[in-house]
Amino acid sequence: MNKIEIIDQFGNIRAQCTGEDIHLVWSGAYEPGDVIRVIPGEFPGNYLLQLDDVGGTSVVYLTGTLTYEIPFGEKRTNLSPRAFDGELHLLTLKKYPDYLQKEYRNLALNVWDQHGLTNSFPHATANVETRGEAVFAAQNAIDGVTANESHGEWPYASWGINMQDDAQITIDFGREVVIDRLVMYTRADFPHDNWWTQVSFSFSDGSSLDWELEKQTLPHEITFAPKRITSLTMHDMKKADDPSPFPALTQLEVYGWEK
């Protein structure tokens, strides 16, 4: 059986629900230190997960218990101000249907990614995030929000590289998947922003890809022969010859299907 629990900072269970197809409706206000604990009945496997009705549902691959910290203060500036707010909340969890396992979709999308998470994929990590601020965290690159004509608080959060030439971001899928398309929204808050003329990708299967880009607001897209991978890393981004030192990534979409 699947289970969702809302737990306070002292370990007390504030609300819980158990079942195959969970809809936890909780009347109460979150407080600092609260966490949501998601316990899948079977793992590993794909689940449809919604931790707040504002964020919507993501397909997440769970390999064990997921513990999500309710963000407060600066840590929530990359989320809608309505997220986890108020005194009525809907959380859902159910197994991803077998008949959808082979559907073609953005395998990188995870609204509910967070720093330090284990047992939940896709998961984004980076070797740098500008000033350690939530609005420049790696997880912003897979949250599904593609607004890229400004920077800062939601809906303009992005992955910020702190002007480092050796910056890189990795998306871990937690299992082997098949991909054949990348769609990338580079941040386009011109003239504040710079842009990349080329980026490189390394894949867990040992292959690599160099991708030439243009200065644009619209998404970049590239297709290739199907690859079976568990992760990919973007690195060696080359900045344009422009006075701005601030290129950034708004969203990276990785299309494919379960192997």
# chains A, B, ... in the order shown; residues from 1 in each chain; ligands from 1
>>> closest_atom_pairs(of="stretch 6-110 of chain A", to="stretch 132-150 of chain A", cutoff="12 Å", atoms="only C-alpha atoms", output="tab-separated table")
residue	atom	partner	partner_atom	distance
A:Gly55	CA	A:Asp143	CA	9.1
A:Gly56	CA	A:Gly144	CA	10.3
A:Thr57	CA	A:Gly144	CA	10.9
A:Ser58	CA	A:Asp143	CA	9.4
A:Val59	CA	A:Asp143	CA	11.9
A:Pro71	CA	A:Ala134	CA	10.0
A:Phe72	CA	A:Ala134	CA	10.8
A:Gly73	CA	A:Ala134	CA	10.0
A:Glu74	CA	A:Ala134	CA	6.8
A:Lys75	CA	A:Ala134	CA	5.4
A:Arg76	CA	A:Ala134	CA	7.0
A:Thr77	CA	A:Val135	CA	6.1
A:Asn78	CA	A:Val135	CA	4.7
A:Leu79	CA	A:Val135	CA	8.6
A:Ser80	CA	A:Val145	CA	10.5
A:Asn106	CA	A:Gly144	CA	9.4
A:Leu107	CA	A:Ile142	CA	9.5
A:Ala108	CA	A:Ile142	CA	6.0
A:Leu109	CA	A:Ile142	CA	5.0
A:Asn110	CA	A:Asp143	CA	5.5
>>> residues_around(residues="stretch 179-189 of chain A", least_positions_apart="2", cutoff="6 Å", atoms="only C-alpha atoms", output="list in words")
Asn148, Glu149, Ser150, His192, Asp193, Thr217, Pro219, His220, Glu221, Ile222, Thr223, Phe224, Ala225, Pro226, Lys227, Ala248, Leu249, Thr250, Gln251, Leu252, Glu253, Val254, Tyr255 and Gly256 of chain A
>>> closest_residue(among="A:Gln164, A:Ser231, A:Ser202, A:Thr63", to="A:Asn127", atoms="only C-alpha atoms")
A:Gln164
>>> closest_residue(among="A:Leu88, A:Met237, A:Ile6, A:Val177", to="A:Gly33", atoms="only C-alpha atoms")
A:Ile6
>>> closest_residue(among="A:Gly86, A:Pro32, A:Pro97, A:Pro247", to="A:Ser158", atoms="only C-alpha atoms")
A:Pro247
>>> atom_distance(atom1="atom CA of A:Asp205", atom2="atom CA of A:Asp166")
22.0 Å
